[in-house]
$ cat my_file00.txt   # compact mmCIF, C-alpha atoms and all ligand atoms
# COMPACT_ATOMS: atom_id res chain seq x y z
CA MET A 1 31.69 22.36 -95.37
CA SER A 2 32.96 19.44 -93.31
CA GLU A 3 36.19 18.98 -91.41
CA ASN A 4 38.26 15.79 -91.45
CA TYR A 5 41.50 14.82 -89.72
CA ILE A 6 44.29 12.56 -90.94
CA ILE A 7 46.39 10.86 -88.28
CA HIS A 8 49.84 9.42 -88.99
CA PRO A 9 51.07 6.38 -87.02
CA SER A 10 53.44 7.39 -84.19
CA GLU A 11 55.72 5.85 -81.55
CA ASN A 12 57.64 7.26 -78.59
CA ILE A 13 54.81 9.43 -77.33
CA THR A 14 56.24 11.32 -74.39
CA GLY A 15 55.43 14.41 -72.44
CA GLU A 16 53.42 16.04 -69.72
CA ILE A 17 49.98 17.42 -70.56
CA THR A 18 46.90 18.82 -68.92
CA VAL A 19 43.43 18.22 -70.28
CA PRO A 20 40.62 20.81 -70.13
CA GLY A 21 38.17 21.08 -67.23
CA ASP A 22 35.58 18.39 -66.62
CA LYS A 23 32.45 18.76 -68.75
CA SER A 24 29.97 17.34 -66.22
CA ILE A 25 31.33 19.45 -63.35
CA SER A 26 31.43 22.61 -65.51
CA HIS A 27 27.70 22.31 -66.31
CA ARG A 28 26.80 21.70 -62.68
CA ALA A 29 29.00 24.49 -61.28
CA LEU A 30 27.31 26.96 -63.64
CA ILE A 31 23.79 25.82 -62.83
CA LEU A 32 24.18 25.64 -59.07
CA LEU A 33 26.10 28.92 -58.72
CA SER A 34 23.44 30.61 -60.88
CA ILE A 35 20.76 29.86 -58.27
CA SER A 36 23.05 30.56 -55.32
CA GLU A 37 23.24 33.80 -53.34
CA GLY A 38 26.41 35.83 -53.82
CA THR A 39 29.14 36.00 -56.43
CA ALA A 40 31.64 33.20 -56.93
CA SER A 41 34.20 32.14 -59.50
CA ILE A 42 34.56 29.00 -61.54
CA SER A 43 38.16 28.32 -62.50
CA ASN A 44 39.35 25.91 -65.19
CA PHE A 45 35.84 25.92 -66.68
CA LEU A 46 35.54 23.87 -69.89
CA GLU A 47 35.06 26.31 -72.77
CA SER A 48 33.47 23.78 -75.11
CA ASP A 49 30.29 24.08 -77.19
CA ASP A 50 28.26 22.00 -74.69
CA CYS A 51 29.16 24.01 -71.59
CA ILE A 52 28.86 27.31 -73.45
CA ALA A 53 25.29 26.25 -74.39
CA THR A 54 24.45 25.92 -70.68
CA ALA A 55 26.08 29.30 -69.92
CA ASN A 56 24.14 31.02 -72.72
CA ILE A 57 20.84 29.60 -71.48
CA LEU A 58 21.51 30.75 -67.90
CA LYS A 59 22.41 34.22 -69.22
CA LYS A 60 19.07 34.31 -71.06
CA LEU A 61 17.40 33.48 -67.76
CA GLY A 62 18.94 36.60 -66.20
CA VAL A 63 22.19 35.32 -64.66
CA LYS A 64 25.32 37.49 -65.06
CA ILE A 65 28.19 35.26 -66.16
CA GLN A 66 31.39 37.10 -66.96
CA LYS A 67 34.67 35.79 -68.25
CA SER A 68 37.51 37.15 -66.11
CA GLU A 69 40.34 35.36 -67.91
CA LYS A 70 40.72 32.21 -70.04
CA ASN A 71 38.62 29.44 -68.49
CA ASN A 72 37.75 31.58 -65.46
CA TYR A 73 34.26 32.98 -64.94
CA LEU A 74 32.46 35.05 -62.33
CA ILE A 75 28.86 34.05 -61.65
CA GLU A 76 26.48 36.43 -59.90
CA GLY A 77 23.92 34.10 -58.36
CA VAL A 78 20.30 35.27 -58.55
CA GLY A 79 19.10 33.01 -55.72
CA LYS A 80 16.74 30.03 -55.94
CA LEU A 81 13.80 32.18 -57.00
CA GLY A 82 15.63 34.76 -59.08
CA LEU A 83 15.66 33.22 -62.59
CA LYS A 84 13.54 35.09 -65.15
CA GLY A 85 11.66 33.63 -68.09
CA CYS A 86 12.48 34.66 -71.65
CA ASP A 87 10.54 34.41 -74.91
CA ASP A 88 13.29 32.68 -76.90
CA ASN A 89 13.74 28.95 -77.17
CA LEU A 90 16.61 27.74 -75.00
CA ASP A 91 19.13 26.09 -77.32
CA CYS A 92 21.08 23.17 -75.86
CA GLY A 93 22.88 22.46 -79.16
CA ASN A 94 24.32 18.94 -78.98
CA SER A 95 24.36 18.79 -75.19
CA GLY A 96 22.25 16.11 -73.52
CA THR A 97 23.56 17.21 -70.11
CA SER A 98 22.29 20.79 -70.63
CA MET A 99 18.89 19.56 -71.76
CA ARG A 100 18.32 16.97 -69.06
CA LEU A 101 19.69 18.94 -66.11
CA LEU A 102 17.95 22.17 -67.11
CA SER A 103 14.63 20.29 -67.52
CA GLY A 104 14.80 19.58 -63.80
CA LEU A 105 15.66 23.15 -62.85
CA LEU A 106 13.08 24.73 -65.18
CA SER A 107 10.29 22.40 -64.03
CA ALA A 108 10.32 24.23 -60.71
CA GLN A 109 10.20 27.81 -62.08
CA GLN A 110 7.19 30.08 -62.28
CA PHE A 111 7.63 30.80 -66.01
CA GLU A 112 7.34 28.88 -69.27
CA SER A 113 10.33 27.62 -71.19
CA CYS A 114 11.13 25.55 -74.25
CA LEU A 115 14.38 23.56 -74.53
CA VAL A 116 15.52 22.72 -78.07
CA GLY A 117 18.56 20.90 -79.47
CA ASP A 118 20.36 20.09 -82.71
CA SER A 119 19.25 17.24 -85.00
CA SER A 120 21.27 14.64 -83.04
CA LEU A 121 20.02 15.77 -79.60
CA ASN A 122 16.44 15.91 -80.92
CA LYS A 123 16.60 12.15 -81.49
CA ARG A 124 17.72 11.25 -77.97
CA PRO A 125 15.26 9.99 -75.33
CA MET A 126 13.99 12.68 -72.97
CA ASP A 127 11.10 10.73 -71.43
CA ARG A 128 13.64 9.30 -68.98
CA VAL A 129 13.64 12.76 -67.30
CA SER A 130 10.07 13.88 -68.00
CA LYS A 131 8.64 10.75 -66.29
CA PRO A 132 10.11 11.31 -62.81
CA LEU A 133 9.66 15.08 -63.13
CA SER A 134 5.96 14.56 -63.93
CA ILE A 135 5.65 12.37 -60.83
CA MET A 136 7.01 15.39 -58.92
CA GLY A 137 4.20 17.51 -60.33
CA ALA A 138 6.11 19.15 -63.17
CA ASN A 139 4.09 20.39 -66.11
CA ILE A 140 6.31 19.13 -68.90
CA SER A 141 5.58 17.93 -72.43
CA LEU A 142 7.74 16.33 -75.12
CA HIS A 143 7.49 15.87 -78.83
CA ASP A 144 5.63 12.53 -79.32
CA GLU A 145 6.09 11.99 -75.56
CA LYS A 146 9.71 11.02 -76.20
CA THR A 147 12.05 13.69 -77.52
CA ALA A 148 12.85 17.42 -77.62
CA PRO A 149 11.61 20.13 -77.98
CA ILE A 150 10.71 20.08 -74.29
CA ASN A 151 7.99 22.51 -73.24
CA ILE A 152 7.82 23.30 -69.56
CA TYR A 153 5.00 25.27 -67.93
CA PRO A 154 4.77 26.52 -64.35
CA ALA A 155 3.78 23.80 -61.87
CA GLN A 156 1.52 24.43 -58.90
CA ASN A 157 3.79 22.58 -56.55
CA ILE A 158 6.92 20.50 -56.84
CA LEU A 159 6.44 17.42 -54.69
CA PRO A 160 9.21 15.44 -53.03
CA ILE A 161 9.88 12.08 -54.64
CA GLU A 162 11.13 8.63 -53.63
CA TYR A 163 12.55 7.26 -56.85
CA ASN A 164 14.18 3.94 -57.67
CA MET A 165 16.25 4.72 -60.72
CA PRO A 166 15.33 2.39 -63.61
CA ILE A 167 18.52 3.37 -65.51
CA ASP A 168 21.91 4.17 -63.96
CA SER A 169 22.13 7.75 -65.20
CA ALA A 170 23.63 10.82 -63.57
CA GLN A 171 21.67 13.08 -65.89
CA ILE A 172 18.32 11.69 -64.74
CA LYS A 173 19.34 11.72 -61.08
CA SER A 174 20.61 15.32 -61.40
CA ALA A 175 17.41 16.52 -63.11
CA ILE A 176 15.45 15.07 -60.17
CA MET A 177 17.79 16.67 -57.60
CA LEU A 178 17.56 20.09 -59.27
CA ALA A 179 13.75 19.95 -59.15
CA ALA A 180 13.89 18.52 -55.60
CA LEU A 181 15.71 21.68 -54.45
CA TYR A 182 12.28 23.34 -54.80
CA ALA A 183 10.11 20.55 -53.33
CA LYS A 184 8.09 20.82 -50.15
CA GLY A 185 9.94 18.04 -48.34
CA LYS A 186 12.79 15.50 -48.50
CA SER A 187 13.39 13.53 -51.68
CA LYS A 188 15.08 10.15 -51.88
CA ILE A 189 16.77 8.61 -54.92
CA LEU A 190 18.02 5.05 -55.05
CA GLU A 191 20.44 3.86 -57.76
CA LYS A 192 21.23 0.24 -58.64
CA VAL A 193 24.83 1.08 -59.51
CA LYS A 194 26.17 4.49 -58.56
CA SER A 195 26.58 6.93 -61.44
CA ARG A 196 28.75 10.07 -61.34
CA ASP A 197 27.98 12.07 -58.21
CA HIS A 198 29.16 15.60 -59.09
CA THR A 199 25.76 17.20 -58.40
CA GLU A 200 25.73 15.66 -54.93
CA ASN A 201 29.33 16.78 -54.30
CA ILE A 202 28.75 20.40 -55.32
CA LEU A 203 25.49 20.61 -53.36
CA ASN A 204 27.31 19.28 -50.32
CA TYR A 205 30.22 21.71 -50.88
CA LEU A 206 27.75 24.61 -51.07
CA GLY A 207 26.28 23.62 -47.70
CA THR A 208 23.03 21.95 -48.79
CA ASP A 209 21.56 19.22 -46.57
CA ILE A 210 22.25 16.18 -48.76
CA VAL A 211 23.14 12.75 -47.40
CA VAL A 212 24.65 10.13 -49.66
CA ASP A 213 24.69 6.63 -48.22
CA ASN A 214 26.18 4.28 -50.85
CA ASN A 215 23.57 4.33 -53.62
CA LYS A 216 20.92 6.23 -51.66
CA ILE A 217 20.60 10.02 -51.80
CA THR A 218 18.44 12.03 -49.41
CA LEU A 219 18.00 15.70 -50.26
CA ASN A 220 16.36 18.22 -47.99
CA PRO A 221 15.50 21.35 -50.01
CA PRO A 222 17.51 24.32 -48.73
CA LYS A 223 16.02 27.78 -48.12
CA LYS A 224 19.02 29.20 -49.95
CA ILE A 225 22.33 28.09 -51.44
CA ASP A 226 25.45 30.10 -50.59
CA ALA A 227 27.89 30.90 -53.39
CA LYS A 228 31.45 29.55 -53.10
CA ASP A 229 34.36 29.45 -55.58
CA ILE A 230 34.70 26.20 -57.53
CA PHE A 231 37.82 24.77 -59.18
CA ILE A 232 37.13 22.28 -61.97
CA PRO A 233 39.74 19.52 -62.34
CA GLY A 234 40.73 18.09 -65.74
CA ASP A 235 38.19 15.80 -67.41
CA ILE A 236 39.07 12.12 -66.89
CA SER A 237 36.98 11.29 -69.98
CA SER A 238 39.23 13.55 -72.08
CA ALA A 239 42.38 12.23 -70.38
CA MET A 240 41.29 8.70 -71.28
CA PHE A 241 42.01 9.25 -74.99
CA PHE A 242 45.66 10.00 -74.25
CA ILE A 243 45.89 7.26 -71.62
CA VAL A 244 44.86 4.68 -74.25
CA GLY A 245 46.99 6.38 -76.94
CA CYS A 246 50.07 5.98 -74.72
CA LEU A 247 49.25 2.41 -73.63
CA ILE A 248 48.91 1.07 -77.18
CA SER A 249 51.89 2.84 -78.78
CA LYS A 250 55.45 1.60 -78.46
CA SER A 251 58.03 3.09 -76.04
CA SER A 252 55.69 5.74 -74.70
CA LYS A 253 55.31 7.43 -71.34
CA ILE A 254 53.09 10.36 -70.44
CA THR A 255 51.97 12.30 -67.39
CA ILE A 256 48.58 14.00 -67.21
CA LYS A 257 48.33 16.61 -64.45
CA ASN A 258 45.36 17.65 -62.30
CA VAL A 259 42.76 15.19 -63.56
CA GLY A 260 39.49 14.55 -61.70
CA LEU A 261 39.71 11.18 -59.92
CA ASN A 262 36.22 10.95 -58.48
CA PRO A 263 35.62 7.23 -57.73
CA SER A 264 32.37 7.36 -59.71
CA ARG A 265 34.36 8.28 -62.83
CA ILE A 266 37.39 5.98 -62.79
CA GLY A 267 35.81 2.77 -64.06
CA GLY A 268 37.74 3.21 -67.31
CA ILE A 269 41.07 3.15 -65.48
CA GLU A 270 40.03 0.02 -63.57
CA ILE A 271 39.03 -1.70 -66.82
CA LEU A 272 42.34 -0.82 -68.51
CA LYS A 273 44.29 -2.03 -65.46
CA MET A 274 42.44 -5.37 -65.69
CA MET A 275 43.61 -5.49 -69.30
CA GLY A 276 47.22 -5.17 -68.10
CA ALA A 277 47.71 -1.39 -68.32
CA ASP A 278 50.52 0.32 -66.41
CA ILE A 279 48.69 3.35 -65.00
CA GLN A 280 49.78 5.01 -61.74
CA VAL A 281 47.82 7.66 -59.95
CA SER A 282 48.91 10.21 -57.35
CA TYR A 283 46.25 12.21 -55.52
CA THR A 284 47.17 15.87 -55.12
CA ASN A 285 43.89 17.15 -53.72
CA THR A 286 41.30 15.55 -51.49
CA THR A 287 39.40 18.66 -50.41
CA GLY A 288 36.87 20.84 -52.27
CA PRO A 289 33.96 19.45 -54.24
CA GLU A 290 36.10 16.97 -56.19
CA ILE A 291 39.30 15.01 -55.70
CA TYR A 292 41.97 15.15 -58.37
CA GLY A 293 45.57 14.24 -59.05
CA ASP A 294 48.19 13.21 -61.61
CA ILE A 295 48.14 10.15 -63.87
CA PHE A 296 51.31 8.41 -65.11
CA VAL A 297 50.99 6.03 -68.06
CA THR A 298 53.54 3.69 -69.72
CA SER A 299 53.08 1.60 -72.91
CA SER A 300 51.70 -1.81 -72.00
CA SER A 301 50.82 -5.14 -73.61
CA LEU A 302 47.07 -5.34 -73.20
CA ARG A 303 44.92 -8.49 -73.12
CA GLY A 304 41.23 -8.97 -73.79
CA ILE A 305 38.87 -9.34 -70.82
CA GLU A 306 35.19 -9.64 -69.99
CA ILE A 307 34.34 -6.17 -68.66
CA PRO A 308 32.67 -6.36 -65.21
CA LYS A 309 29.14 -4.97 -65.16
CA GLU A 310 29.75 -2.83 -62.07
CA TYR A 311 32.26 -0.64 -63.95
CA ILE A 312 29.83 0.35 -66.71
CA PRO A 313 28.25 3.54 -65.25
CA SER A 314 31.63 4.86 -64.08
CA ALA A 315 33.19 4.25 -67.51
CA ILE A 316 30.15 5.06 -69.64
CA ASP A 317 31.78 7.79 -71.77
CA GLU A 318 35.06 5.89 -72.09
CA PHE A 319 33.84 2.89 -74.11
CA PRO A 320 34.66 4.18 -77.59
CA VAL A 321 38.34 4.50 -76.67
CA ILE A 322 38.27 1.34 -74.51
CA PHE A 323 37.15 -0.47 -77.69
CA ILE A 324 40.31 0.84 -79.38
CA ALA A 325 42.33 -0.59 -76.47
CA ALA A 326 40.44 -3.88 -77.01
CA ALA A 327 41.31 -3.81 -80.72
CA ALA A 328 44.99 -3.45 -79.80
CA ALA A 329 44.82 -6.15 -77.08
CA ALA A 330 45.63 -9.84 -77.43
CA GLY A 331 42.46 -11.95 -77.50
CA LYS A 332 38.80 -11.17 -77.13
CA THR A 333 37.14 -8.40 -75.08
CA ILE A 334 33.49 -8.84 -74.16
CA LEU A 335 31.12 -6.10 -73.05
CA LYS A 336 27.56 -6.97 -71.94
CA ASN A 337 24.74 -5.02 -70.23
CA ALA A 338 25.71 -1.78 -71.96
CA GLU A 339 22.57 -0.92 -73.97
CA GLU A 340 22.88 2.68 -72.73
CA LEU A 341 25.66 3.09 -75.32
CA LYS A 342 22.96 3.03 -78.00
CA PHE A 343 21.50 6.31 -76.69
CA LYS A 344 24.56 8.56 -76.60
CA GLU A 345 25.48 11.20 -79.21
CA SER A 346 25.39 8.23 -81.62
CA ASP A 347 24.63 4.54 -81.20
CA ARG A 348 28.17 3.95 -79.97
CA LEU A 349 28.03 0.15 -80.29
CA GLU A 350 27.08 0.41 -83.96
CA ALA A 351 29.34 3.38 -84.80
CA MET A 352 32.40 1.71 -83.25
CA SER A 353 31.60 -1.66 -84.78
CA VAL A 354 31.35 -0.23 -88.31
CA GLY A 355 34.55 1.82 -87.90
CA LEU A 356 36.51 -1.08 -86.41
CA LYS A 357 35.42 -3.35 -89.26
CA LYS A 358 36.74 -0.73 -91.71
CA CYS A 359 40.05 -0.99 -89.82
CA LYS A 360 39.88 -4.81 -90.25
CA ILE A 361 39.20 -5.50 -86.59
CA ASP A 362 36.66 -8.31 -86.20
CA ASN A 363 33.82 -7.62 -83.85
CA ILE A 364 30.23 -8.66 -83.19
CA VAL A 365 27.52 -6.35 -81.84
CA THR A 366 25.30 -8.28 -79.45
CA SER A 367 21.87 -7.34 -78.07
CA ASN A 368 23.38 -5.18 -75.32
CA GLY A 369 27.10 -5.02 -75.97
CA ILE A 370 29.96 -5.97 -78.25
CA GLU A 371 32.72 -8.56 -78.64
CA ILE A 372 35.99 -7.32 -80.07
CA PHE A 373 38.79 -9.57 -81.34
CA GLY A 374 42.18 -7.85 -80.98
CA GLY A 375 44.37 -7.84 -84.10
CA GLU A 376 46.29 -5.73 -86.56
CA LEU A 377 44.54 -2.40 -87.06
CA PHE A 378 44.65 -0.87 -90.55
CA GLY A 379 44.18 2.79 -91.47
CA ALA A 380 40.82 3.57 -93.13
CA ASN A 381 38.33 6.38 -93.75
CA VAL A 382 36.10 6.26 -90.68
CA ASP A 383 32.99 8.33 -90.02
CA SER A 384 32.47 10.05 -86.64
CA TYR A 385 28.68 9.64 -86.87
CA ASP A 386 28.53 13.26 -85.60
CA ASP A 387 29.83 12.02 -82.26
CA HIS A 388 32.88 13.67 -80.63
CA ARG A 389 33.96 10.55 -78.77
CA ILE A 390 33.83 8.35 -81.88
CA ALA A 391 35.97 10.94 -83.73
CA MET A 392 38.54 11.07 -80.92
CA ALA A 393 38.59 7.29 -80.39
CA PHE A 394 39.48 6.62 -84.06
CA SER A 395 42.00 9.46 -83.98
CA ILE A 396 43.75 7.55 -81.17
CA ALA A 397 43.50 4.33 -83.22
CA GLY A 398 45.44 6.22 -85.94
CA ILE A 399 48.50 6.22 -83.66
CA ILE A 400 48.95 2.46 -84.22
CA SER A 401 47.21 1.93 -87.57
CA LYS A 402 48.98 0.39 -90.52
CA GLY A 403 48.79 3.36 -92.88
CA ASN A 404 47.14 6.70 -92.15
CA MET A 405 43.73 6.98 -90.52
CA LYS A 406 41.25 9.53 -91.80
CA ILE A 407 38.37 10.56 -89.55
CA LEU A 408 35.49 12.18 -91.37
CA ASN A 409 33.34 14.88 -89.82
CA THR A 410 35.37 15.92 -86.77
CA LYS A 411 33.80 19.33 -86.03
CA ASN A 412 31.85 17.81 -83.15
CA VAL A 413 35.12 17.33 -81.20
CA SER A 414 34.61 20.94 -80.03
CA THR A 415 31.55 19.88 -78.01
CA SER A 416 33.86 18.48 -75.32
CA PHE A 417 37.54 18.91 -76.24
CA PRO A 418 38.32 21.84 -78.57
CA ASP A 419 42.15 21.48 -78.23
CA PHE A 420 42.27 17.72 -78.76
CA TYR A 421 44.27 17.75 -82.01
CA LYS A 422 46.61 20.47 -80.67
CA ILE A 423 47.43 18.32 -77.63
CA MET A 424 47.95 15.29 -79.92
CA LYS A 425 50.54 17.37 -81.81
CA SER A 426 52.22 18.50 -78.59
CA LEU A 427 52.85 14.81 -77.80
CA GLY A 428 54.44 14.28 -81.21
CA ILE A 429 51.41 12.61 -82.87
CA LYS A 430 51.29 13.96 -86.43
CA ASN A 431 47.85 15.03 -87.63
CA GLU A 432 46.49 17.22 -90.42
CA ARG A 433 43.21 19.05 -90.78
CA GLU A 434 41.38 18.84 -94.08
CA ILE A 435 38.35 20.89 -95.11
CA ASP A 436 35.84 19.39 -97.58
CA THR A 437 33.86 22.00 -99.45
C1 LIG A 501 26.71 12.92 -67.86
C2 LIG A 501 26.25 11.68 -67.61
C3 LIG A 501 26.34 10.57 -68.57
C4 LIG A 501 27.37 10.85 -69.65
C5 LIG A 501 27.29 12.23 -70.18
C6 LIG A 501 27.45 13.26 -69.08
C7 LIG A 501 26.48 13.98 -66.85
O1 LIG A 501 25.10 10.37 -69.17
O2 LIG A 501 27.25 9.91 -70.69
O3 LIG A 501 28.32 12.45 -71.15
O4 LIG A 501 27.15 15.02 -66.90
O5 LIG A 501 25.62 13.77 -66.00
P1 LIG A 501 23.96 9.47 -68.45
O6 LIG A 501 23.76 10.05 -67.12
O7 LIG A 501 22.73 9.62 -69.28
O8 LIG A 501 24.52 8.08 -68.45
$ encode --input "my_file00.txt" --output "structure tokens"
Amino acid sequence: MSENYIIHPSENITGEITVPGDKSISHRALILLSISEGTASISNFLESDDCIATANILKKLGVKIQKSEKNNYLIEGVGKLGLKGCDDNLDCGNSGTSMRLLSGLLSAQQFESCLVGDSSLNKRPMDRVSKPLSIMGANISLHDEKTAPINIYPAQNILPIEYNMPIDSAQIKSAIMLAALYAKGKSKILEKVKSRDHTENILNYLGTDIVVDNNKITLNPPKKIDAKDIFIPGDISSAMFFIVGCLISKSSKITIKNVGLNPSRIGGIEILKMMGADIQVSYTNTTGPEIYGDIFVTSSSLRGIEIPKEYIPSAIDEFPVIFIAAAAAAGKTILKNAEELKFKESDRLEAMSVGLKKCKIDNIVTSNGIEIFGGELFGANVDSYDDHRIAMAFSIAGIISKGNMKILNTKNVSTSFPDFYKIMKSLGIKNEREIDT
């Protein structure tokens, strides 16, 4: 049984919305509070398949995680050494973040564990985390030395590491930091371009000795981590779909409240502004682990640009919908140095290229990027390639398509944004669910 969505073209999108809590911060809040001492709450937690996978794994490892009300959870930390092994495989579902971050944490435990994923996650590269973790002394093995299942056995010692990141990836850096919490000395991580720094921010907020100097992180393993309540702001990567939806549709104006505005996540906004987007931001909070605020968007005439390389890590999840903005823009948009897009929930360069061609938007996939020629976008039947962000990007394209847009295989939207189609409706964008049996 598969689920499809049909989107009808719409204008005059107006309204004020909130988007659900940030996915990356939700995973990290759960993991770090689980190994803290004391009980603390997470509010505005993202109740999506990916974050629930992390919560279920931590529960299996002996952590009490209780829902107090919608999106609010109480975590009873077991302390750094309090996790307990279990005989079951630990199922990460579709979630690369669960698998990579938990590999780091589990590498430092005195019990065996096996992380497994769904068919899409089982194809994604995991050697990018097992390599640095092995250097730290972890006893970790992969299928064919590349992919999940990941078997982790107790290590004698976790050693501190000095690591120059070969790829700009917050998941790799976070896996290293989680293992480094257990090392016998200071670890240092150096990034070429800074990736999202939520792990660093939460560790700092919880009182851990972590120093971040531009792209260099120094982490001194703490004896213990003290629990403290965490509020999760709205996910900028989810907000981005509606930001682009509003920009490309006629006579539209929306406000999105309480969205995370961490500088390492707003590359997408900078790129859209370069393309001529009218996006205003007002910061409402600058304390706590993360800064957040409100975003005001007005329809804009966009133009094609060459996307600066330095924005890529901070916009990495936004490219599918940025490509829709590029399709609606005047002229050509060029993206280079973005091979990482090939290793997401789908090969996002290929998936977007095929879908855009179906919508009669010319584009060329290059060795490490794509060139998109803006033009008239036609409705078509487009496959999600089992990737939530491809499904949502083409749903947004449906707002301006000539004729209806049908997105095939949309169930995966629940991995990050279960209420996406409901929020679309609340803004007046007509959509219908269809079940194929
Ligand atoms: C994430 C980091 C990014 C991103 C993913 C979430 C995280 O992956 O694509 O959706 O929470 O750390 P990489 O770090 O592999 O680029």
$ residues_near_ligand --input "my_file00.txt" --ligand "ligand LIG 501 (chain A)" --cutoff "6 Å" --atoms "all atoms listed in the file" --output "PyMOL selection string"
chain A and resi 24+97+169-171+316-317
$ residues_around --input "my_file00.txt" --residues "Ile176 in chain A" --least-positions-apart "5" --cutoff "10 Å" --atoms "all atoms listed in the file" --output "list in words"
Arg100, Leu101, Ser103, Gly104, Leu105, Ser107, Val129, Ser130, Pro132, Leu133, Met136, Pro160, Ile161, Tyr163, Ala170, Gln171, Leu181, Ser187, Lys188 and Ile189 of chain A
$ atom_distance --input "my_file00.txt" --atom1 "CA of Tyr182 in chain A" --atom2 "CA of Ile140 in chain A"
15.9 Å
$ residues_around --input "my_file00.txt" --residues "Leu272 in chain A" --least-positions-apart "5" --cutoff "10 Å" --atoms "only C-alpha atoms" --output "list in words"
Met240, Ile243, Val244, Leu247, Gly267, Ala277, Asp278, Ile279, Leu302, Arg303, Gly304, Ile305, Ile307, Ile322, Ala325 and Ala326 of chain A
$ write_last_selection --input "my_file00.txt" --atoms "C-alpha atoms" --output "PDB file, in the coordinates of the input"
ATOM      1  CA  MET A 240      41.290   8.700 -71.280  1.00  0.00           C
ATOM      2  CA  ILE A 243      45.890   7.260 -71.620  1.00  0.00           C
ATOM      3  CA  VAL A 244      44.860   4.680 -74.250  1.00  0.00           C
ATOM      4  CA  LEU A 247      49.250   2.410 -73.630  1.00  0.00           C
ATOM      5  CA  GLY A 267      35.810   2.770 -64.060  1.00  0.00           C
ATOM      6  CA  ALA A 277      47.710  -1.390 -68.320  1.00  0.00           C
ATOM      7  CA  ASP A 278      50.520   0.320 -66.410  1.00  0.00           C
ATOM      8  CA  ILE A 279      48.690   3.350 -65.000  1.00  0.00           C
ATOM      9  CA  LEU A 302      47.070  -5.340 -73.200  1.00  0.00           C
ATOM     10  CA  ARG A 303      44.920  -8.490 -73.120  1.00  0.00           C
ATOM     11  CA  GLY A 304      41.230  -8.970 -73.790  1.00  0.00           C
ATOM     12  CA  ILE A 305      38.870  -9.340 -70.820  1.00  0.00           C
ATOM     13  CA  ILE A 307      34.340  -6.170 -68.660  1.00  0.00           C
ATOM     14  CA  ILE A 322      38.270   1.340 -74.510  1.00  0.00           C
ATOM     15  CA  ALA A 325      42.330  -0.590 -76.470  1.00  0.00           C
ATOM     16  CA  ALA A 326      40.440  -3.880 -77.010  1.00  0.00           C
TER      17      ALA A 326
END
$ residues_near_point --input "my_file00.txt" --point "(34.0, 29.0, -62.2)" --cutoff "7 Å" --atoms "only C-alpha atoms" --output "list in words"
Ala29, Ser41, Ile42, Ser43, Asn44, Phe45, Asn72, Tyr73, Leu74, Asp229, Ile230 and Phe231 of chain A
$ atom_distance --input "my_file00.txt" --atom1 "CA of Ser384 in chain A" --atom2 "CA of Ser26 in chain A"
24.6 Å
$ closest_residue --input "my_file00.txt" --among "A:Pro166, A:Ile225, A:Ala175, A:Asn151" --to "Leu102 in chain A" --atoms "all atoms listed in the file"
A:Ala175
$ atom_distance --input "my_file00.txt" --atom1 "CA of Asn139 in chain A" --atom2 "CA of Thr208 in chain A"
25.7 Å
$ closest_atom_pairs --input "my_file00.txt" --of "range 133-231 of chain A" --to "range 311-315 of chain A" --cutoff "8 Å" --atoms "all atoms listed in the file" --output "tab-separated table"
residue	atom	partner	partner_atom	distance
A:Asp168	CA	A:Pro313	CA	6.5
A:Ser169	CA	A:Pro313	CA	7.4
A:Val193	CA	A:Pro313	CA	7.1
A:Lys194	CA	A:Pro313	CA	7.1
A:Ser195	CA	A:Pro313	CA	5.4
A:Arg196	CA	A:Ser314	CA	6.6
$ residues_around --input "my_file00.txt" --residues "Pro418 in chain A" --least-positions-apart "4" --cutoff "9 Å" --atoms "only C-alpha atoms" --output "list in words"
Pro20, Glu47, Ser48, Asp49, Asn412, Val413, Ser414 and Lys422 of chain A
$ write_last_selection --input "my_file00.txt" --atoms "C-alpha atoms" --output "compact mmCIF listing (two decimals), keeping the file's coordinate frame"
# COMPACT_ATOMS: atom_id res chain seq x y z
CA PRO A 20 40.62 20.81 -70.13
CA GLU A 47 35.06 26.31 -72.77
CA SER A 48 33.47 23.78 -75.11
CA ASP A 49 30.29 24.08 -77.19
CA ASN A 412 31.85 17.81 -83.15
CA VAL A 413 35.12 17.33 -81.20
CA SER A 414 34.61 20.94 -80.03
CA LYS A 422 46.61 20.47 -80.67
$ residues_around --input "my_file00.txt" --residues "Asn56 in chain A" --least-positions-apart "3" --cutoff "12 Å" --atoms "all atoms listed in the file" --output "list of chain:residue names"
A:His27, A:Leu30, A:Ile31, A:Ser34, A:Glu47, A:Asp49, A:Asp50, A:Cys51, A:Ile52, A:Ala53, A:Lys59, A:Lys60, A:Leu61, A:Gly62, A:Val63, A:Lys64, A:Ile65, A:Gln66, A:Asp88, A:Asn89, A:Leu90, A:Asp91, A:Cys92, A:Gly93, A:Ser98
$ residues_near_point --input "my_file00.txt" --point "(8.9, 29.1, -67.5)" --cutoff "8 Å" --atoms "all atoms listed in the file" --output "PyMOL selection string"
chain A and resi 84-86+106-107+109-114+152-154
$ write_last_selection --input "my_file00.txt" --atoms "C-alpha atoms" --output "CSV table (one decimal), keeping the file's coordinate frame"
chain,number,residue,atom,x,y,z
A,84,LYS,CA,13.5,35.1,-65.2
A,85,GLY,CA,11.7,33.6,-68.1
A,86,CYS,CA,12.5,34.7,-71.6
A,106,LEU,CA,13.1,24.7,-65.2
A,107,SER,CA,10.3,22.4,-64.0
A,109,GLN,CA,10.2,27.8,-62.1
A,110,GLN,CA,7.2,30.1,-62.3
A,111,PHE,CA,7.6,30.8,-66.0
A,112,GLU,CA,7.3,28.9,-69.3
A,113,SER,CA,10.3,27.6,-71.2
A,114,CYS,CA,11.1,25.6,-74.2
A,152,ILE,CA,7.8,23.3,-69.6
A,153,TYR,CA,5.0,25.3,-67.9
A,154,PRO,CA,4.8,26.5,-64.4
